[in-house]
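Enquirer: Here it is, the structure, as structure tokens.
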Amino acid sequence: MSYRNRTAALASAVALAGSAVLMAAPMARAEVVDVNYQCKTPIGDKSAVSPIDIKSVKNGNGYRITMSWQKGVSSSPVELGKGAMTPSATIALGGAASGTLTVTGPANDAAIPANTPIKINDLSGTYTPKKSGKVTFTAGVLTIKALGTTTTCTPTNDPGPSLALDVTAASGGTTTGSTPGGGSGSGSDGGAELPQTGPEDSAVALGTLGGTVLLVGAAGALWLTRRHGGAGETR
């Protein structure tokens, strides 16, 4: 094979490798879903509808799942001072997984006036799949603890999934806080990172890897060119 043909073949192989890396990015579908919450509070039943957004970011062998409320839910007859309210929630898993994932977040960072809808901060947790496939994430029960009381808000309109994600299980991985059938979940505060849609974030990371492969291939082609030119000078 001639030198030019070898160089062209190398460039083609590198380009194909980069394309294969990008095509390996997981696919996801996310949408904002209206959830009709019926809340059991210390002073009686209340209801509220809030659009719910669930996003994911690839995180090691798992996925960082973040749940966001676009409107406030429930309310308190008295003002809730800074740090007086702590929220948590469950996310129902479906498709290739079953069970629930618990997501948690920080207490309120500002006082909440009396008789005002309570705005829930973003709640996050880590989902580690035990098997590969498409997993759906649907809003579950919201729990609000404040001033020694507990309020539970349950979806009553059978909301659809806010996120559908193609996941890949890591072989030989260990998990903690297992949820039945699907993977593992552990809650942690949601302020550590900006929520992003998992596949986009993964595609960026994988695209960077593909770019690195292309750079390595280009460096190899340059080395071959210099070596060929050097060899011609010594003849």
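The chains in the structure tokens are called A, B, ... from first to last as shown; in each chain the residues are counted from 1, and the ligands are counted from 1 in the order shown.
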Would you kindly return, as a PyMOL selection string, each protein, DNA or RNA residue with an atom no farther than 10 Å from any atom of A:Ser76, considering only C-alpha atoms and excluding same-chain residues fewer than 4 positions away?
Expert: chain A and resi 41-43+80+112-118+146
Enquirer: Output C-alpha atoms for every residue in the selection just made, as a compact mmCIF listing (two decimals), in the first residue's frame.
Expert:
# COMPACT_ATOMS: atom_id res chain seq x y z
CA THR A 41 -51.42 18.73 56.20
CA PRO A 42 -51.73 19.22 59.98
CA ILE A 43 -54.59 21.66 59.36
CA LEU A 80 -41.69 29.30 58.13
CA ILE A 112 -41.72 31.54 53.67
CA PRO A 113 -44.64 33.88 54.50
CA ALA A 114 -47.81 32.47 56.02
CA ASN A 115 -50.50 31.21 53.62
CA THR A 116 -48.10 31.30 50.69
CA PRO A 117 -47.48 28.34 48.35
CA ILE A 118 -44.28 26.62 49.46
CA ALA A 146 -41.60 21.78 59.08
Enquirer: List every residue of stretch 80-162 of chain A that DSSP, applied to the backbone, labels as strand (DSSP E), and write the result as a PyMOL selection string.
Expert: chain A and resi 85-95+100-104+123-129+133-146+149-155
Enquirer: What does the distance from atom CA of A:Gln38 to atom CA of A:Asn108 come to in Å, to one decimal?
Expert: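 Separating atom CA of A:Gln38 from atom CA of A:Asn108 is a distance of 21.4 Å.
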Enquirer: Closest to A:Lys130 among A:Ala164, A:Met85, A:Val35, A:Ala169, using only C-alpha atoms?
Expert: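 Of the candidates, the smallest distance to A:Lys130 is held by A:Ala169.
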Enquirer: Which residues come within 6 Å of stretch 48-64 of chain A, counting only C-alpha atoms, excluding same-chain residues fewer than 3 positions away, as number ranges by chain?
Expert: A: 32-37, 67-71, 73, 125-128, 162-163, 170, 196-198
Enquirer: For the atom pair atom CA of A:Asp109 and atom CA of A:Pro161, what is the interatomic distance in Å to one decimal place?
Expert: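 Computed distance, atom CA of A:Asp109 to atom CA of A:Pro161, equals 29.0 Å.
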Enquirer: Nearest to A:Ser88: which of A:Ser124, A:Ser74, A:Thr138, A:Thr143 is it, counting only C-alpha atoms?
Expert: A:Thr143
